[in-house]
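One file, coords_36.pdb, is given below (PDB, C-alpha atoms and all ligand atoms).
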ATOM      1  CA  MET A   1    -157.360-101.682-136.813
ATOM      2  CA  ASP A   2    -156.872-102.007-140.554
ATOM      3  CA  LEU A   3    -154.911 -99.254-142.234
ATOM      4  CA  LEU A   4    -156.333-100.237-145.589
ATOM      5  CA  GLN A   5    -159.476-102.172-146.255
ATOM      6  CA  ILE A   6    -160.558-102.999-149.765
ATOM      7  CA  SER A   7    -164.042-104.372-150.090
ATOM      8  CA  ASN A   8    -165.707-105.695-153.214
ATOM      9  CA  LEU A   9    -163.372-103.989-155.618
ATOM     10  CA  TYR A  10    -164.470-104.438-159.212
ATOM     11  CA  VAL A  11    -162.447-103.024-162.090
ATOM     12  CA  ASN A  12    -163.696-103.625-165.617
ATOM     13  CA  PHE A  13    -162.361-102.509-168.963
ATOM     14  CA  THR A  14    -164.645-102.423-171.942
ATOM     15  CA  THR A  15    -162.595-103.482-174.935
ATOM     16  CA  LYS A  16    -163.304-104.653-178.481
ATOM     17  CA  ALA A  17    -162.772-108.204-177.295
ATOM     18  CA  GLY A  18    -165.366-107.764-174.533
ATOM     19  CA  VAL A  19    -165.387-106.764-170.887
ATOM     20  CA  VAL A  20    -162.089-107.458-169.111
ATOM     21  CA  ARG A  21    -162.777-108.279-165.463
ATOM     22  CA  ALA A  22    -159.405-107.309-164.052
ATOM     23  CA  SER A  23    -160.543-107.115-160.425
ATOM     24  CA  ASP A  24    -163.576-109.247-159.778
ATOM     25  CA  GLY A  25    -164.698-108.561-156.235
ATOM     26  CA  VAL A  26    -161.407-108.218-154.378
ATOM     27  CA  ASN A  27    -161.378-107.998-150.569
ATOM     28  CA  LEU A  28    -158.100-107.240-148.820
ATOM     29  CA  GLU A  29    -156.969-105.767-145.530
ATOM     30  CA  ILE A  30    -153.604-104.407-144.416
ATOM     31  CA  LYS A  31    -153.024-103.646-140.773
ATOM     32  CA  GLN A  32    -150.912-100.779-139.493
ATOM     33  CA  GLY A  33    -147.268-101.784-139.731
ATOM     34  CA  GLU A  34    -148.026-105.000-141.581
ATOM     35  CA  SER A  35    -146.396-106.189-144.804
ATOM     36  CA  LEU A  36    -148.722-107.950-147.178
ATOM     37  CA  CYS A  37    -147.669-109.592-150.395
ATOM     38  CA  LEU A  38    -149.999-109.997-153.305
ATOM     39  CA  VAL A  39    -148.892-112.903-155.447
ATOM     40  CA  GLY A  40    -150.125-114.569-158.602
ATOM     41  CA  GLU A  41    -149.171-115.120-162.211
ATOM     42  CA  SER A  42    -148.830-112.290-164.645
ATOM     43  CA  GLY A  43    -152.180-110.915-165.846
ATOM     44  CA  CYS A  44    -154.110-111.808-162.677
ATOM     45  CA  GLY A  45    -154.962-108.192-161.850
ATOM     46  CA  LYS A  46    -152.369-107.350-159.198
ATOM     47  CA  THR A  47    -151.246-104.062-160.716
ATOM     48  CA  ILE A  48    -154.842-103.062-161.339
ATOM     49  CA  VAL A  49    -155.616-103.434-157.621
ATOM     50  CA  ALA A  50    -152.597-101.270-156.759
ATOM     51  CA  LEU A  51    -153.520 -98.610-159.285
ATOM     52  CA  GLY A  52    -157.076 -98.708-157.964
ATOM     53  CA  ILE A  53    -155.828 -97.853-154.453
ATOM     54  CA  MET A  54    -153.796 -94.976-155.898
ATOM     55  CA  ARG A  55    -156.701 -93.884-158.113
ATOM     56  CA  LEU A  56    -154.317 -94.039-161.046
ATOM     57  CA  LEU A  57    -156.270 -96.437-163.234
ATOM     58  CA  PRO A  58    -156.407 -95.838-166.976
ATOM     59  CA  GLN A  59    -159.284 -93.665-168.216
ATOM     60  CA  ASN A  60    -161.233 -96.567-169.678
ATOM     61  CA  ALA A  61    -161.481 -98.392-166.328
ATOM     62  CA  GLN A  62    -164.848 -98.746-164.602
ATOM     63  CA  ILE A  63    -164.339 -99.109-160.902
ATOM     64  CA  SER A  64    -166.680 -99.921-158.031
ATOM     65  CA  GLY A  65    -166.389-101.014-154.442
ATOM     66  CA  LYS A  66    -164.898 -99.377-151.374
ATOM     67  CA  ILE A  67    -161.302 -98.660-150.427
ATOM     68  CA  TRP A  68    -161.052 -97.492-146.833
ATOM     69  CA  PHE A  69    -157.788 -95.881-145.779
ATOM     70  CA  LYS A  70    -157.473 -94.293-142.320
ATOM     71  CA  GLY A  71    -161.212 -93.835-142.113
ATOM     72  CA  LYS A  72    -161.537 -92.253-145.556
ATOM     73  CA  GLU A  73    -163.116 -93.947-148.529
ATOM     74  CA  LEU A  74    -160.689 -93.279-151.346
ATOM     75  CA  LEU A  75    -162.995 -93.895-154.303
ATOM     76  CA  SER A  76    -165.362 -91.176-153.136
ATOM     77  CA  LEU A  77    -162.702 -88.521-152.453
ATOM     78  CA  GLY A  78    -162.337 -85.443-154.628
ATOM     79  CA  LYS A  79    -159.333 -85.232-156.933
ATOM     80  CA  GLU A  80    -157.504 -82.694-154.766
ATOM     81  CA  GLU A  81    -157.890 -84.653-151.563
ATOM     82  CA  MET A  82    -156.812 -87.822-153.331
ATOM     83  CA  ARG A  83    -153.736 -86.028-154.663
ATOM     84  CA  ARG A  84    -152.845 -85.060-151.104
ATOM     85  CA  ILE A  85    -153.164 -88.663-149.950
ATOM     86  CA  ARG A  86    -151.051 -89.810-152.882
ATOM     87  CA  GLY A  87    -148.525 -87.147-152.074
ATOM     88  CA  ARG A  88    -148.293 -87.764-148.336
ATOM     89  CA  GLU A  89    -149.834 -90.989-147.169
ATOM     90  CA  ILE A  90    -149.514 -93.629-149.850
ATOM     91  CA  ALA A  91    -146.454 -93.983-152.047
ATOM     92  CA  MET A  92    -145.873 -96.382-154.865
ATOM     93  CA  ILE A  93    -142.784 -97.699-156.571
ATOM     94  CA  PHE A  94    -142.937 -99.484-159.874
ATOM     95  CA  GLU A  95    -141.304-102.255-161.832
ATOM     96  CA  GLN A  96    -139.347 -99.910-164.074
ATOM     97  CA  PRO A  97    -137.866 -97.031-162.111
ATOM     98  CA  ALA A  98    -136.394 -95.527-165.286
ATOM     99  CA  THR A  99    -139.860 -94.595-166.502
ATOM    100  CA  CYS A 100    -140.652 -92.762-163.243
ATOM    101  CA  LEU A 101    -137.511 -90.635-163.084
ATOM    102  CA  ASP A 102    -137.399 -87.517-165.213
ATOM    103  CA  PRO A 103    -134.443 -87.789-167.615
ATOM    104  CA  VAL A 104    -133.839 -84.017-167.762
ATOM    105  CA  PHE A 105    -133.271 -83.461-164.022
ATOM    106  CA  THR A 106    -130.499 -84.867-161.880
ATOM    107  CA  VAL A 107    -131.486 -87.657-159.520
ATOM    108  CA  GLY A 108    -130.465 -85.503-156.576
ATOM    109  CA  ASP A 109    -132.708 -82.667-157.691
ATOM    110  CA  GLN A 110    -135.634 -85.043-157.984
ATOM    111  CA  ILE A 111    -135.144 -86.384-154.464
ATOM    112  CA  ALA A 112    -134.577 -82.863-153.131
ATOM    113  CA  GLU A 113    -137.727 -81.636-154.881
ATOM    114  CA  ALA A 114    -139.729 -84.398-153.186
ATOM    115  CA  MET A 115    -138.178 -83.364-149.851
ATOM    116  CA  ARG A 116    -138.922 -79.693-150.481
ATOM    117  CA  VAL A 117    -142.583 -80.357-151.274
ATOM    118  CA  HIS A 118    -143.210 -82.776-148.460
ATOM    119  CA  GLU A 119    -141.115 -81.282-145.696
ATOM    120  CA  ARG A 120    -141.720 -77.706-146.786
ATOM    121  CA  CYS A 121    -138.015 -76.955-146.396
ATOM    122  CA  SER A 122    -135.686 -74.550-148.187
ATOM    123  CA  GLY A 123    -133.546 -75.424-151.192
ATOM    124  CA  LYS A 124    -130.333 -75.844-149.190
ATOM    125  CA  GLU A 125    -131.999 -77.857-146.473
ATOM    126  CA  SER A 126    -133.749 -80.079-149.006
ATOM    127  CA  LYS A 127    -130.403 -80.843-150.648
ATOM    128  CA  GLU A 128    -128.924 -81.897-147.316
ATOM    129  CA  LYS A 129    -131.928 -84.036-146.534
ATOM    130  CA  ALA A 130    -131.840 -85.582-150.003
ATOM    131  CA  ILE A 131    -128.214 -86.559-149.482
ATOM    132  CA  ASP A 132    -129.093 -88.080-146.106
ATOM    133  CA  LEU A 133    -131.840 -90.029-147.777
ATOM    134  CA  MET A 134    -129.507 -91.184-150.562
ATOM    135  CA  GLU A 135    -127.195 -92.442-147.853
ATOM    136  CA  MET A 136    -130.067 -94.189-146.149
ATOM    137  CA  VAL A 137    -130.980 -96.073-149.335
ATOM    138  CA  GLU A 138    -127.282 -96.917-149.683
ATOM    139  CA  ILE A 139    -126.471 -95.022-152.843
ATOM    140  CA  PRO A 140    -122.660 -94.817-152.682
ATOM    141  CA  SER A 141    -120.919 -91.400-152.865
ATOM    142  CA  PRO A 142    -124.195 -89.499-152.558
ATOM    143  CA  GLN A 143    -122.496 -86.088-152.935
ATOM    144  CA  LYS A 144    -121.257 -87.068-156.373
ATOM    145  CA  ARG A 145    -124.357 -89.079-157.279
ATOM    146  CA  PHE A 146    -126.576 -86.140-156.388
ATOM    147  CA  LYS A 147    -125.410 -84.344-159.538
ATOM    148  CA  GLN A 148    -125.890 -87.275-161.900
ATOM    149  CA  TYR A 149    -128.766 -87.904-164.287
ATOM    150  CA  PRO A 150    -130.963 -91.032-164.227
ATOM    151  CA  HIS A 151    -129.190 -92.579-167.241
ATOM    152  CA  GLU A 152    -125.945 -92.536-165.254
ATOM    153  CA  PHE A 153    -127.575 -94.777-162.646
ATOM    154  CA  SER A 154    -127.839 -98.569-162.976
ATOM    155  CA  GLY A 155    -131.282-100.171-162.635
ATOM    156  CA  GLY A 156    -130.620-101.041-159.014
ATOM    157  CA  MET A 157    -129.458 -97.495-158.214
ATOM    158  CA  GLN A 158    -132.500 -96.039-159.972
ATOM    159  CA  GLN A 159    -134.748 -98.229-157.850
ATOM    160  CA  ARG A 160    -132.924 -96.991-154.726
ATOM    161  CA  ALA A 161    -133.556 -93.426-155.884
ATOM    162  CA  MET A 162    -137.246 -94.210-156.353
ATOM    163  CA  ILE A 163    -137.382 -95.704-152.877
ATOM    164  CA  ALA A 164    -135.786 -92.504-151.548
ATOM    165  CA  ILE A 165    -138.417 -90.386-153.299
ATOM    166  CA  ALA A 166    -141.206 -92.641-152.037
ATOM    167  CA  LEU A 167    -139.924 -92.457-148.469
ATOM    168  CA  SER A 168    -139.214 -88.712-148.596
ATOM    169  CA  TYR A 169    -142.612 -88.030-147.128
ATOM    170  CA  ASN A 170    -142.726 -90.886-144.681
ATOM    171  CA  PRO A 171    -145.884 -92.525-146.068
ATOM    172  CA  SER A 172    -148.089 -94.792-143.968
ATOM    173  CA  LEU A 173    -148.377 -97.217-146.846
ATOM    174  CA  LEU A 174    -145.819 -98.116-149.463
ATOM    175  CA  ILE A 175    -146.980-100.046-152.497
ATOM    176  CA  ALA A 176    -144.164-101.773-154.348
ATOM    177  CA  ASP A 177    -145.201-103.330-157.645
ATOM    178  CA  GLU A 178    -142.646-105.950-158.687
ATOM    179  CA  PRO A 179    -139.796-103.619-157.695
ATOM    180  CA  MET A 180    -137.142-106.281-158.226
ATOM    181  CA  THR A 181    -138.261-107.846-161.497
ATOM    182  CA  PHE A 182    -135.781-106.223-163.839
ATOM    183  CA  LEU A 183    -132.785-106.391-161.550
ATOM    184  CA  ASP A 184    -130.008-108.961-161.393
ATOM    185  CA  VAL A 185    -130.463-111.587-158.717
ATOM    186  CA  THR A 186    -127.754-110.195-156.414
ATOM    187  CA  ILE A 187    -129.136-106.672-156.749
ATOM    188  CA  GLN A 188    -132.627-108.015-156.083
ATOM    189  CA  ALA A 189    -131.460-109.428-152.781
ATOM    190  CA  GLN A 190    -129.893-106.082-151.823
ATOM    191  CA  ILE A 191    -133.003-104.093-152.690
ATOM    192  CA  MET A 192    -135.112-106.585-150.772
ATOM    193  CA  GLU A 193    -132.932-106.207-147.684
ATOM    194  CA  LEU A 194    -133.048-102.451-148.012
ATOM    195  CA  LEU A 195    -136.828-102.335-148.338
ATOM    196  CA  LYS A 196    -137.202-104.647-145.389
ATOM    197  CA  ASP A 197    -134.970-102.468-143.206
ATOM    198  CA  LEU A 198    -136.604 -99.214-144.250
ATOM    199  CA  VAL A 199    -140.129-100.474-143.791
ATOM    200  CA  SER A 200    -139.310-101.480-140.237
ATOM    201  CA  LYS A 201    -137.354 -98.287-139.533
ATOM    202  CA  PHE A 202    -140.091 -95.989-140.854
ATOM    203  CA  ARG A 203    -142.884 -98.257-139.543
ATOM    204  CA  THR A 204    -144.434 -98.156-142.991
ATOM    205  CA  SER A 205    -147.031-100.711-143.992
ATOM    206  CA  LEU A 206    -146.127-102.472-147.200
ATOM    207  CA  LEU A 207    -148.147-103.892-150.038
ATOM    208  CA  LEU A 208    -145.608-105.860-152.036
ATOM    209  CA  ILE A 209    -146.677-107.184-155.396
ATOM    210  CA  THR A 210    -144.503-109.997-156.607
ATOM    211  CA  HIS A 211    -144.596-113.231-158.521
ATOM    212  CA  ASP A 212    -141.542-114.364-156.578
ATOM    213  CA  LEU A 213    -142.707-116.427-153.644
ATOM    214  CA  GLY A 214    -139.237-116.516-152.151
ATOM    215  CA  VAL A 215    -139.257-112.740-151.887
ATOM    216  CA  ALA A 216    -142.763-112.801-150.442
ATOM    217  CA  ALA A 217    -141.759-115.323-147.785
ATOM    218  CA  GLU A 218    -138.688-113.289-146.822
ATOM    219  CA  MET A 219    -140.378-109.950-146.605
ATOM    220  CA  CYS A 220    -144.006-110.218-145.617
ATOM    221  CA  ASP A 221    -146.259-111.077-142.693
ATOM    222  CA  GLY A 222    -149.360-111.729-144.734
ATOM    223  CA  VAL A 223    -150.055-113.094-148.180
ATOM    224  CA  ALA A 224    -152.948-112.845-150.599
ATOM    225  CA  VAL A 225    -152.974-115.097-153.648
ATOM    226  CA  MET A 226    -154.700-113.674-156.687
ATOM    227  CA  TYR A 227    -156.014-115.632-159.638
ATOM    228  CA  ALA A 228    -157.936-114.203-162.596
ATOM    229  CA  GLY A 229    -159.144-111.116-160.761
ATOM    230  CA  GLU A 230    -159.992-112.826-157.468
ATOM    231  CA  ILE A 231    -158.275-113.463-154.177
ATOM    232  CA  VAL A 232    -158.308-117.243-153.846
ATOM    233  CA  GLU A 233    -156.390-117.587-150.602
ATOM    234  CA  LYS A 234    -155.116-115.336-147.870
ATOM    235  CA  GLY A 235    -153.525-115.636-144.465
ATOM    236  CA  ARG A 236    -150.227-115.415-142.613
ATOM    237  CA  VAL A 237    -147.174-116.209-144.728
ATOM    238  CA  SER A 238    -146.039-118.713-142.101
ATOM    239  CA  GLU A 239    -149.344-120.597-142.394
ATOM    240  CA  VAL A 240    -150.133-120.334-146.090
ATOM    241  CA  PHE A 241    -146.673-121.232-147.357
ATOM    242  CA  LYS A 242    -146.439-124.178-144.992
ATOM    243  CA  TYR A 243    -149.981-125.439-145.370
ATOM    244  CA  PRO A 244    -151.379-124.037-148.615
ATOM    245  CA  LYS A 245    -155.040-124.905-149.099
ATOM    246  CA  HIS A 246    -155.978-123.738-152.575
ATOM    247  CA  PRO A 247    -154.756-125.961-155.444
ATOM    248  CA  TYR A 248    -153.539-122.777-157.157
ATOM    249  CA  THR A 249    -151.441-121.763-154.158
ATOM    250  CA  LYS A 250    -150.084-125.294-154.022
ATOM    251  CA  ALA A 251    -149.266-125.139-157.706
ATOM    252  CA  LEU A 252    -147.537-121.780-157.257
ATOM    253  CA  LEU A 253    -145.485-123.261-154.468
ATOM    254  CA  GLY A 254    -144.869-126.396-156.494
ATOM    255  CA  ALA A 255    -145.958-128.201-153.380
ATOM    256  CA  ILE A 256    -148.021-131.127-154.551
ATOM    257  CA  SER A 257    -146.215-133.029-157.196
ATOM    258  CA  ASN A 258    -147.264-136.474-155.980
ATOM    259  CA  ASP A 259    -150.907-135.950-156.946
ATOM    260  CA  GLY A 260    -150.122-134.640-160.380
ATOM    261  CA  LEU A 261    -150.096-130.879-159.987
ATOM    262  CA  LYS A 262    -146.899-129.660-161.556
ATOM    263  CA  PRO A 263    -146.039-125.971-161.529
ATOM    264  CA  ILE A 264    -148.239-124.836-163.409
ATOM    265  CA  LYS A 265    -150.093-126.305-166.344
ATOM    266  CA  GLY A 266    -152.102-124.084-168.649
ATOM    267  CA  SER A 267    -152.404-120.344-168.347
ATOM    268  CA  VAL A 268    -154.522-117.648-166.770
ATOM    269  CA  PRO A 269    -157.880-117.556-168.605
ATOM    270  CA  GLU A 270    -158.861-114.646-170.826
ATOM    271  CA  LEU A 271    -160.435-112.151-168.474
ATOM    272  CA  THR A 272    -163.060-111.427-171.126
ATOM    273  CA  SER A 273    -164.400-114.979-171.113
ATOM    274  CA  LEU A 274    -163.913-116.463-167.699
ATOM    275  CA  PRO A 275    -164.725-120.106-167.015
ATOM    276  CA  SER A 276    -167.940-120.915-165.157
ATOM    277  CA  GLY A 277    -167.828-121.838-161.474
ATOM    278  CA  CYS A 278    -164.347-121.754-159.993
ATOM    279  CA  LYS A 279    -162.073-119.837-162.361
ATOM    280  CA  PHE A 280    -159.230-122.234-161.687
ATOM    281  CA  HIS A 281    -161.209-125.365-162.546
ATOM    282  CA  PRO A 282    -159.863-125.866-166.116
ATOM    283  CA  ARG A 283    -156.322-126.108-164.683
ATOM    284  CA  CYS A 284    -157.135-127.875-161.454
ATOM    285  CA  PRO A 285    -156.187-131.560-161.131
ATOM    286  CA  LEU A 286    -158.671-131.941-158.283
ATOM    287  CA  VAL A 287    -161.654-130.588-160.238
ATOM    288  CA  ARG A 288    -165.145-131.967-159.460
ATOM    289  CA  ASP A 289    -168.551-131.281-161.011
ATOM    290  CA  VAL A 290    -169.394-128.617-158.460
ATOM    291  CA  CYS A 291    -166.264-126.665-159.430
ATOM    292  CA  ARG A 292    -167.570-126.246-162.980
ATOM    293  CA  GLU A 293    -170.993-125.153-161.783
ATOM    294  CA  ALA A 294    -170.739-122.854-158.785
ATOM    295  CA  ARG A 295    -168.382-120.053-157.874
ATOM    296  CA  PRO A 296    -166.840-120.927-154.509
ATOM    297  CA  GLU A 297    -167.080-118.420-151.661
ATOM    298  CA  MET A 298    -164.106-117.233-149.641
ATOM    299  CA  LYS A 299    -164.306-119.218-146.380
ATOM    300  CA  ASN A 300    -161.650-119.479-143.691
ATOM    301  CA  GLY A 301    -159.140-117.812-145.970
ATOM    302  CA  VAL A 302    -159.672-119.998-149.029
ATOM    303  CA  ARG A 303    -161.966-119.900-152.060
ATOM    304  CA  CYS A 304    -162.266-123.564-153.013
ATOM    305  CA  HIS A 305    -165.131-126.062-153.017
ATOM    306  CA  LEU A 306    -162.839-128.780-151.704
ATOM    307  CA  TRP A 307    -162.470-126.817-148.484
ATOM    308  CA  GLU A 308    -165.996-125.523-148.144
ATOM    309  CA  LYS A 309    -167.311-128.452-146.197
ATOM    310  CA  SER A 310    -164.349-128.860-143.913
TER     311      SER A 310
HETATM  312  N1  LIG A 401    -156.205-100.200-169.990
HETATM  313  C1  LIG A 401    -156.566-101.476-170.069
HETATM  314  N2  LIG A 401    -157.529-101.871-170.933
HETATM  315  C2  LIG A 401    -157.899-103.156-171.021
HETATM  316  N3  LIG A 401    -157.403-104.147-170.264
HETATM  317  C3  LIG A 401    -156.450-103.821-169.379
HETATM  318  C4  LIG A 401    -155.983-102.479-169.215
HETATM  319  N4  LIG A 401    -155.035-102.470-168.249
HETATM  320  C5  LIG A 401    -154.920-103.745-167.824
HETATM  321  N5  LIG A 401    -155.771-104.560-168.479
HETATM  322  C6  LIG A 401    -155.934-106.019-168.285
HETATM  323  O1  LIG A 401    -156.188-106.267-166.916
HETATM  324  C7  LIG A 401    -155.668-107.542-166.560
HETATM  325  C8  LIG A 401    -154.885-107.448-165.275
HETATM  326  O2  LIG A 401    -153.685-106.752-165.528
HETATM  327  P1  LIG A 401    -152.587-106.461-164.420
HETATM  328  O3  LIG A 401    -153.230-105.940-163.204
HETATM  329  O4  LIG A 401    -151.572-105.629-165.073
HETATM  330  O5  LIG A 401    -152.012-107.912-164.113
HETATM  331  P2  LIG A 401    -150.760-108.301-163.197
HETATM  332  O6  LIG A 401    -150.242-107.057-162.552
HETATM  333  O7  LIG A 401    -151.278-109.316-162.219
HETATM  334  O8  LIG A 401    -149.779-108.923-164.127
HETATM  335  C9  LIG A 401    -154.860-108.033-167.745
HETATM  336  O9  LIG A 401    -155.630-109.000-168.430
HETATM  337  C10 LIG A 401    -154.674-106.801-168.582
HETATM  338  O10 LIG A 401    -154.602-107.141-169.948
HETATM  339 MG    MG A 402    -148.371-106.166-162.742
END
I need this file expressed as structure tokens, please.
Amino acid sequence: MDLLQISNLYVNFTTKAGVVRASDGVNLEIKQGESLCLVGESGCGKTIVALGIMRLLPQNAQISGKIWFKGKELLSLGKEEMRRIRGREIAMIFEQPATCLDPVFTVGDQIAEAMRVHERCSGKESKEKAIDLMEMVEIPSPQKRFKQYPHEFSGGMQQRAMIAIALSYNPSLLIADEPMTFLDVTIQAQIMELLKDLVSKFRTSLLLITHDLGVAAEMCDGVAVMYAGEIVEKGRVSEVFKYPKHPYTKALLGAISNDGLKPIKGSVPELTSLPSGCKFHPRCPLVRDVCREARPEMKNGVRCHLWEKS
């Protein structure tokens, strides 16, 4: 059964420039224990989908659709119940851990506080558990590190601390939004390994948002490719990365250079004035008349007219 099922998720922002269609009918499923990566260029709507699941969208967002999680429809839950789910069942880590850690408390206190709330344990016990958790996320000398403030931690160490906080309540779903973007390449690889190990140890399902296809291939079972607010292709990583169908996926993978598609010409369209038909058509080297006229449906894991008949 699916742990998470998003159906027809629309998120619009009304701005001076017009209506921004950040999520334009997104459908996604994550099975229990599965890792799914959501990939696509910057500005495609990936973060908006994640924030939609968490019900943490900015005030000016208009949202519709259904997000089923363990039999509950998240968009129709009351604020309190949603807070409980956010506190216990779904955790999220962000691109910039520094902005999520409170500068006035020690890192250890922040992990211990998460432990205390979620495990309902005493102060002393929560400190011990926090140190265990710091060890688990491979923060060296956790006894000493416990007493340090966020600014004394490097970016990589801060992200480890965030992972510890996220895992403190053993969530069923962890959403990681570009967690490696601001880290050095070697640190990225370490954090990736760590996340991979922890997800399998805790049997947590993972929604990993990344623009790094190498990371996606390493870490995930499934992949969903997002372009201009839509999922244009989805399937198993082993299938999609080997035999990409959508010209956009191919472009992302840099796979078809012999028929002219170099990675990647042009840019994501303005989400206030989307092209007619297939949103990728202005950048697509394989464009035909039908692509300019009709919006392709998602069929057999791909949203592309060139595949509709096959
Ligand atoms: N509060 C907001 N008001 C208006 N537009 C927004 C707001 N937040 C995000 N957007 C727009 O939504 C689109 C998708 O953004 P985002 O999900 O952050 O993209 P990604 O994570 O794929 O880089 C972008 O065009 C962005 O400008
Ligand atoms: Mg983003």
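Distances here use only C-alpha atoms; by that measure, the residue among A:Gly214, A:Pro103, A:Gly229, A:Pro171 closest to Tyr10 of chain A is A:Gly229.
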Show me, as a Markdown table, the residues of chain A having an atom within 10 Å of ligand LIG 401 (chain A), each with the closest atom pair and its distance in Å, using only C-alpha atoms and all ligand atoms.
| residue | atom | partner | partner_atom | distance |
| --- | --- | --- | --- | --- |
| A:Val11 | CA | A:LIG401 | O1 | 8.5 |
| A:Asn12 | CA | A:LIG401 | N3 | 7.8 |
| A:Phe13 | CA | A:LIG401 | C2 | 5.0 |
| A:Thr14 | CA | A:LIG401 | C2 | 6.8 |
| A:Thr15 | CA | A:LIG401 | C2 | 6.1 |
| A:Lys16 | CA | A:LIG401 | C2 | 9.3 |
| A:Ala17 | CA | A:LIG401 | C2 | 9.4 |
| A:Gly18 | CA | A:LIG401 | C2 | 9.5 |
| A:Val19 | CA | A:LIG401 | C2 | 8.3 |
| A:Val20 | CA | A:LIG401 | N3 | 5.9 |
| A:Arg21 | CA | A:LIG401 | O1 | 7.0 |
| A:Ala22 | CA | A:LIG401 | O1 | 4.4 |
| A:Ser23 | CA | A:LIG401 | C8 | 7.5 |
| A:Leu38 | CA | A:LIG401 | O7 | 9.0 |
| A:Val39 | CA | A:LIG401 | O7 | 8.0 |
| A:Gly40 | CA | A:LIG401 | O7 | 6.5 |
| A:Glu41 | CA | A:LIG401 | O7 | 6.2 |
| A:Ser42 | CA | A:LIG401 | O8 | 3.5 |
| A:Gly43 | CA | A:LIG401 | O5 | 3.5 |
| A:Cys44 | CA | A:LIG401 | O7 | 3.8 |
| A:Gly45 | CA | A:LIG401 | O3 | 3.1 |
| A:Lys46 | CA | A:LIG401 | O7 | 3.8 |
| A:Thr47 | CA | A:LIG401 | O6 | 3.7 |
| A:Ile48 | CA | A:LIG401 | O3 | 3.8 |
| A:Val49 | CA | A:LIG401 | O3 | 6.6 |
| A:Ala50 | CA | A:LIG401 | O3 | 8.0 |
| A:Leu51 | CA | A:LIG401 | O3 | 8.3 |
| A:Gly52 | CA | A:LIG401 | O3 | 9.7 |
| A:Leu57 | CA | A:LIG401 | N1 | 7.7 |
| A:Pro58 | CA | A:LIG401 | N1 | 5.3 |
| A:Gln59 | CA | A:LIG401 | N1 | 7.4 |
| A:Asn60 | CA | A:LIG401 | N1 | 6.2 |
| A:Ala61 | CA | A:LIG401 | N1 | 6.7 |
| A:Asp177 | CA | A:LIG401 | O6 | 8.0 |
| A:Glu178 | CA | A:LIG401 | O6 | 8.6 |
| A:Ile209 | CA | A:LIG401 | O6 | 8.0 |
| A:Thr210 | CA | A:LIG401 | O6 | 8.8 |
| A:His211 | CA | A:LIG401 | O7 | 8.6 |
| A:Met226 | CA | A:LIG401 | O7 | 7.8 |
| A:Tyr227 | CA | A:LIG401 | O7 | 8.3 |
| A:Ala228 | CA | A:LIG401 | C8 | 7.9 |
| A:Gly229 | CA | A:LIG401 | C8 | 7.2 |
| A:Val268 | CA | A:LIG401 | O9 | 8.9 |
| A:Pro269 | CA | A:LIG401 | O9 | 8.8 |
| A:Glu270 | CA | A:LIG401 | O9 | 6.9 |
| A:Leu271 | CA | A:LIG401 | O9 | 5.7 |
| A:Thr272 | CA | A:LIG401 | O9 | 8.3 |
Exercise: residues within 12 Å of coordinate (-163.6, -118.7, -144.2), counting all atoms listed in the file, as a ChimeraX atom specification: /A:232-235,245,296-305,307-310
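Comparing A:Gln159, A:Thr99, A:Ser168, A:Ser276 by their smallest distance to Ile131 of chain A, the closest is A:Ser168 (using all atoms listed in the file).
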Please identify all polymer residues within 10 Å of Leu75 of chain A, counting only C-alpha atoms, omitting same-chain residues fewer than 6 positions from it, and present them as a PDB file with C-alpha atoms, in the frame of the given file.
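Saved file around_7.pdb follows:
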ATOM      1  CA  GLY A  52    -157.076 -98.708-157.964  1.00  0.00           C
ATOM      2  CA  ILE A  53    -155.828 -97.853-154.453  1.00  0.00           C
ATOM      3  CA  MET A  54    -153.796 -94.976-155.898  1.00  0.00           C
ATOM      4  CA  ARG A  55    -156.701 -93.884-158.113  1.00  0.00           C
ATOM      5  CA  ILE A  63    -164.339 -99.109-160.902  1.00  0.00           C
ATOM      6  CA  SER A  64    -166.680 -99.921-158.031  1.00  0.00           C
ATOM      7  CA  GLY A  65    -166.389-101.014-154.442  1.00  0.00           C
ATOM      8  CA  LYS A  66    -164.898 -99.377-151.374  1.00  0.00           C
ATOM      9  CA  ILE A  67    -161.302 -98.660-150.427  1.00  0.00           C
ATOM     10  CA  TRP A  68    -161.052 -97.492-146.833  1.00  0.00           C
ATOM     11  CA  MET A  82    -156.812 -87.822-153.331  1.00  0.00           C
TER      12      MET A  82
END
Expansion of the PyMOL selection byres (((chain A and resi 157) around 10) and not hetatm) into residues, as JSON, numbers by chain: {"A": [97, 134, 137, 138, 139, 140, 145, 150, 152, 153, 154, 155, 156, 158, 159, 160, 161, 162, 163, 187, 191]}
Target residues per the PyMOL selection byres (((chain A and resi 192) around 10) and not hetatm), formatted as a ChimeraX atom specification: /A:179-180,186-191,193-198,215-216,218-219
Selection export as a tab-separated table (two decimals), keeping the file's coordinate frame, atoms kept: C-alpha atoms:
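And here is the file that came out, result_32.tsv:
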chain	number	residue	atom	x	y	z
A	179	PRO	CA	-139.80	-103.62	-157.70
A	180	MET	CA	-137.14	-106.28	-158.23
A	186	THR	CA	-127.75	-110.20	-156.41
A	187	ILE	CA	-129.14	-106.67	-156.75
A	188	GLN	CA	-132.63	-108.02	-156.08
A	189	ALA	CA	-131.46	-109.43	-152.78
A	190	GLN	CA	-129.89	-106.08	-151.82
A	191	ILE	CA	-133.00	-104.09	-152.69
A	193	GLU	CA	-132.93	-106.21	-147.68
A	194	LEU	CA	-133.05	-102.45	-148.01
A	195	LEU	CA	-136.83	-102.34	-148.34
A	196	LYS	CA	-137.20	-104.65	-145.39
A	197	ASP	CA	-134.97	-102.47	-143.21
A	198	LEU	CA	-136.60	-99.21	-144.25
A	215	VAL	CA	-139.26	-112.74	-151.89
A	216	ALA	CA	-142.76	-112.80	-150.44
A	218	GLU	CA	-138.69	-113.29	-146.82
A	219	MET	CA	-140.38	-109.95	-146.60
